Amino acid sequence: MADAESGVSLGHDIPATIGWSVAIGNSLPTVGTGDTVELWDSLAATAYRDVAAARVLEPHLDALGILEQAGTNLASGADPWNLSAIGVDEDSSWGVFAAEGPGLRVDAHQSASGWTLSGRKPWCSLAAHLSHALVTAFVGDQRRLFAVALDEPGVRPHDGPWVARGLADIVSAPVDFDSAPAVPVGEVGWYLSRPGFAWGAMSVAACWWGGALGVRDALLASAASERADQLAFVHFGRADAALWAARAALREAAHLVDTQANLDSRLLAERVRAVTADAATTTLAEADAALGPGPLVTDLSYARRVADLHLYLRQHHGLRDAARLGRLAVESETSG
């Protein structure tokens, strides 16, 4: 998919897609600043055009939102954490590396010359292509967020293992840090405790929704054909209703976030992600049943969308996330 104005093959040409993300990222709002609907609509529109492109754009925008919540505004010169010391500017491209894994740990150490990070971090998407990343690291037993320049000698991205057929070019592999210079962003524990932590999780859901909308188009074409039967209408209707409900949930959540409603942001995020993940999964299942193997083996764009979306949806952890939602909902209902 080429961007009509720039000619960029979004989602296929990764360096160009990153450059495009940086360019439009500087003009988009951040979550919770009054225009969350516009932001999520932009993410959904990007995923509708190409799921992999949204997978590049979303973490970059998430990082910009995190930095803004920490008081940083590069456009106005607000740099309270001295990010300029590691070469950060308005042209920086960002990832957010906050995953943890069994036996893997990144520790932060402070000396007279500043902070450094050492250890291995899993699931670092596009680390070999981005200029900077926000990385969680342990300070004693607690985690703190740090900004790191990824071209430092002490940063070594792995090129795999990555045999994915979906999001094939969005390599998410470990990164080794060896006394890599870092700049703290926020105080100890701030990254996980800020309201925006849950907000970013809903931005991912907006991408799922947009990606699934493209699958719905294939169901619509089938249901609108002269050969359509009652089953074609059933499959399309189920997907349409599920995605309509997910869109309504995203709109309501955007309003609640922007108005700073008095509710648990974590519970809101879990509800939105559950509804949207279920809607996207329903759409994929209905498309499989209605369309059969044909488009999966003859339509490159459709097959790629389905594979990309299947993998992207694995950021929702199924029954584990459902259990967390149930626990948060019980706590909300019984705490008063």
# chains A, B, ... in the order shown; residues from 1 in each chain; ligands from 1

call {"tool": "residues_around", "arguments": {"residues": "Asp35 (chain A)", "least_positions_apart": "4", "cutoff": "10 Å", "atoms": "only C-alpha atoms", "output": "PyMOL selection string"}}
result
chain A and resi 28-31+39-40+254-255+257-258

call {"tool": "closest_atom_pairs", "arguments": {"of": "region 261-309 of chain A", "to": "region 188-198 of chain A", "cutoff": "10 Å", "atoms": "only C-alpha atoms", "output": "tab-separated table"}}
result
residue	atom	partner	partner_atom	distance
A:Asp264	CA	A:Pro195	CA	8.9
A:Ser265	CA	A:Ala198	CA	5.9
A:Arg266	CA	A:Ala198	CA	5.4
A:Leu267	CA	A:Ala198	CA	8.6
A:Leu268	CA	A:Ala198	CA	8.0
A:Ala269	CA	A:Ala198	CA	5.7
A:Glu270	CA	A:Ala198	CA	8.3

call {"tool": "write_last_selection", "arguments": {"atoms": "N, CA, C and O atoms", "output": "compact mmCIF listing (two decimals), in the first residue's frame"}}
result
# COMPACT_ATOMS: atom_id res chain seq x y z
N ASP A 264 -11.72 3.69 37.07
CA ASP A 264 -10.45 2.99 37.02
C ASP A 264 -9.99 2.87 35.56
O ASP A 264 -10.64 2.19 34.76
N SER A 265 -8.89 3.52 35.21
CA SER A 265 -8.39 3.48 33.83
C SER A 265 -8.02 2.06 33.42
O SER A 265 -8.17 1.67 32.26
N ARG A 266 -7.53 1.27 34.38
CA ARG A 266 -7.17 -0.11 34.05
C ARG A 266 -8.39 -0.92 33.67
O ARG A 266 -8.36 -1.70 32.71
N LEU A 267 -9.48 -0.75 34.41
CA LEU A 267 -10.71 -1.46 34.11
C LEU A 267 -11.26 -1.03 32.75
O LEU A 267 -11.70 -1.86 31.94
N LEU A 268 -11.24 0.26 32.49
CA LEU A 268 -11.71 0.77 31.20
C LEU A 268 -10.91 0.15 30.06
O LEU A 268 -11.48 -0.31 29.06
N ALA A 269 -9.59 0.12 30.20
CA ALA A 269 -8.74 -0.42 29.14
C ALA A 269 -9.00 -1.90 28.92
O ALA A 269 -9.07 -2.37 27.78
N GLU A 270 -9.14 -2.65 30.00
CA GLU A 270 -9.39 -4.09 29.85
C GLU A 270 -10.72 -4.35 29.17
O GLU A 270 -10.86 -5.26 28.35

call {"tool": "select_by_dssp", "arguments": {"residues": "region 60-197 of chain A", "states": "alpha helix (DSSP H)", "output": "NGL selection string"}}
result
:A and (60-69 or 190-193 or 196-197)

call {"tool": "residues_around", "arguments": {"residues": "Ala289 (chain A)", "least_positions_apart": "5", "cutoff": "12 Å", "atoms": "only C-alpha atoms", "output": "mmCIF file with N, CA, C and O atoms, in the first residue's frame"}}
result
data_model
loop_
_atom_site.group_PDB
_atom_site.id
_atom_site.type_symbol
_atom_site.label_atom_id
_atom_site.label_comp_id
_atom_site.auth_asym_id
_atom_site.auth_seq_id
_atom_site.Cartn_x
_atom_site.Cartn_y
_atom_site.Cartn_z
ATOM 1 N N LEU A 219 -16.051 -9.529 3.535
ATOM 2 C CA LEU A 219 -17.358 -10.131 3.829
ATOM 3 C C LEU A 219 -18.486 -9.352 3.158
ATOM 4 O O LEU A 219 -19.464 -9.934 2.666
ATOM 5 N N SER A 222 -18.680 -10.223 -0.491
ATOM 6 C CA SER A 222 -19.302 -11.530 -0.672
ATOM 7 C C SER A 222 -20.815 -11.450 -0.497
ATOM 8 O O SER A 222 -21.585 -12.004 -1.293
ATOM 9 N N LEU A 231 -26.486 -17.512 4.229
ATOM 10 C CA LEU A 231 -25.296 -17.674 5.067
ATOM 11 C C LEU A 231 -24.319 -16.509 4.873
ATOM 12 O O LEU A 231 -23.657 -16.086 5.828
ATOM 13 N N ALA A 232 -24.212 -15.993 3.658
ATOM 14 C CA ALA A 232 -23.336 -14.838 3.424
ATOM 15 C C ALA A 232 -23.806 -13.641 4.244
ATOM 16 O O ALA A 232 -22.987 -12.896 4.809
ATOM 17 N N VAL A 234 -25.534 -13.854 7.061
ATOM 18 C CA VAL A 234 -25.287 -14.195 8.467
ATOM 19 C C VAL A 234 -23.853 -13.853 8.849
ATOM 20 O O VAL A 234 -23.595 -13.187 9.866
ATOM 21 N N HIS A 235 -22.899 -14.305 8.038
ATOM 22 C CA HIS A 235 -21.483 -14.072 8.360
ATOM 23 C C HIS A 235 -21.158 -12.580 8.385
ATOM 24 O O HIS A 235 -20.480 -12.090 9.295
ATOM 25 N N PHE A 236 -21.667 -11.862 7.381
ATOM 26 C CA PHE A 236 -21.417 -10.421 7.358
ATOM 27 C C PHE A 236 -22.109 -9.716 8.518
ATOM 28 O O PHE A 236 -21.528 -8.833 9.161
ATOM 29 N N ARG A 238 -22.897 -10.842 11.513
ATOM 30 C CA ARG A 238 -22.217 -11.074 12.789
ATOM 31 C C ARG A 238 -20.978 -10.191 12.916
ATOM 32 O O ARG A 238 -20.736 -9.594 13.963
ATOM 33 N N ALA A 239 -20.194 -10.128 11.862
ATOM 34 C CA ALA A 239 -18.991 -9.300 11.902
ATOM 35 C C ALA A 239 -19.349 -7.813 12.014
ATOM 36 O O ALA A 239 -18.720 -7.069 12.779
ATOM 37 N N THR A 282 -13.950 -12.396 16.012
ATOM 38 C CA THR A 282 -15.208 -12.805 15.377
ATOM 39 C C THR A 282 -15.173 -12.533 13.880
ATOM 40 O O THR A 282 -15.581 -13.366 13.061
ATOM 41 N N THR A 283 -14.681 -11.370 13.504
ATOM 42 C CA THR A 283 -14.618 -11.005 12.088
ATOM 43 C C THR A 283 -13.722 -11.958 11.312
ATOM 44 O O THR A 283 -14.068 -12.405 10.205
ATOM 45 N N LEU A 284 -12.571 -12.291 11.879
ATOM 46 C CA LEU A 284 -11.671 -13.238 11.216
ATOM 47 C C LEU A 284 -12.331 -14.610 11.068
ATOM 48 O O LEU A 284 -12.227 -15.257 10.014
ATOM 49 N N GLY A 294 -9.998 -19.512 -0.575
ATOM 50 C CA GLY A 294 -9.714 -18.783 -1.801
ATOM 51 C C GLY A 294 -8.884 -17.522 -1.631
ATOM 52 O O GLY A 294 -7.766 -17.418 -2.154
ATOM 53 N N PRO A 295 -9.407 -16.506 -0.906
ATOM 54 C CA PRO A 295 -8.645 -15.254 -0.803
ATOM 55 C C PRO A 295 -7.345 -15.393 -0.018
ATOM 56 O O PRO A 295 -6.435 -14.584 -0.196
#

call {"tool": "closest_atom_pairs", "arguments": {"of": "region 23-118 of chain A", "to": "region 145-157 of chain A", "cutoff": "8 Å", "atoms": "only C-alpha atoms", "output": "CSV"}}
result
residue,atom,partner,partner_atom,distance
A:Leu83,CA,A:Ala147,CA,7.4
A:Ile86,CA,A:Ala149,CA,5.9
A:Gly87,CA,A:Ala149,CA,7.3
A:Val88,CA,A:Ala149,CA,7.9

call {"tool": "write_last_selection", "arguments": {"atoms": "N, CA, C and O atoms", "output": "PDB file, in the first residue's frame"}}
result
ATOM      1  N   LEU A  83      16.728  14.963  27.485  1.00  0.00           N
ATOM      2  CA  LEU A  83      16.799  13.971  26.425  1.00  0.00           C
ATOM      3  C   LEU A  83      17.763  14.380  25.317  1.00  0.00           C
ATOM      4  O   LEU A  83      18.271  13.529  24.579  1.00  0.00           O
ATOM      5  N   ILE A  86      21.101  12.570  24.679  1.00  0.00           N
ATOM      6  CA  ILE A  86      21.266  11.346  23.891  1.00  0.00           C
ATOM      7  C   ILE A  86      20.761  11.551  22.460  1.00  0.00           C
ATOM      8  O   ILE A  86      20.408  10.600  21.772  1.00  0.00           O
ATOM      9  N   GLY A  87      20.738  12.805  22.022  1.00  0.00           N
ATOM     10  CA  GLY A  87      20.451  13.100  20.628  1.00  0.00           C
ATOM     11  C   GLY A  87      18.991  13.110  20.249  1.00  0.00           C
ATOM     12  O   GLY A  87      18.659  13.047  19.056  1.00  0.00           O
ATOM     13  N   VAL A  88      18.081  13.215  21.220  1.00  0.00           N
ATOM     14  CA  VAL A  88      16.654  13.236  20.910  1.00  0.00           C
ATOM     15  C   VAL A  88      16.271  14.580  20.309  1.00  0.00           C
ATOM     16  O   VAL A  88      16.672  15.637  20.807  1.00  0.00           O
TER      17      VAL A  88
END

call {"tool": "select_by_dssp", "arguments": {"residues": "region 44-204 of chain A", "states": "strand (DSSP E)", "output": "PyMOL selection string"}}
result
chain A and resi 94-97+106-111+114-125+132-139+142-149+155-157+172-184

call {"tool": "closest_atom_pairs", "arguments": {"of": "region 180-263 of chain A", "to": "region 306-325 of chain A", "cutoff": "8 Å", "atoms": "only C-alpha atoms", "output": "Markdown table"}}
result
| residue | atom | partner | partner_atom | distance |
| --- | --- | --- | --- | --- |
| A:Trp208 | CA | A:Leu313 | CA | 6.9 |
| A:Gly211 | CA | A:Leu309 | CA | 6.4 |
| A:Ala212 | CA | A:Leu309 | CA | 7.3 |
| A:Val215 | CA | A:Val306 | CA | 7.4 |

call {"tool": "closest_residue", "arguments": {"among": "A:Leu134, A:Leu296, A:Ala279, A:Ala290", "to": "Ala248 (chain A)", "atoms": "only C-alpha atoms"}}
result
A:Ala279

call {"tool": "residues_around", "arguments": {"residues": "Arg251 (chain A)", "least_positions_apart": "5", "cutoff": "12 Å", "atoms": "only C-alpha atoms", "output": "PyMOL selection string"}}
result
chain A and resi 35-41+202-203+205-206+209+244-246+256-258+272+276

call {"tool": "closest_residue", "arguments": {"among": "A:Val185, A:Ile14, A:Ala218, A:Ala329", "to": "Ala70 (chain A)", "atoms": "only C-alpha atoms"}}
result
A:Val185
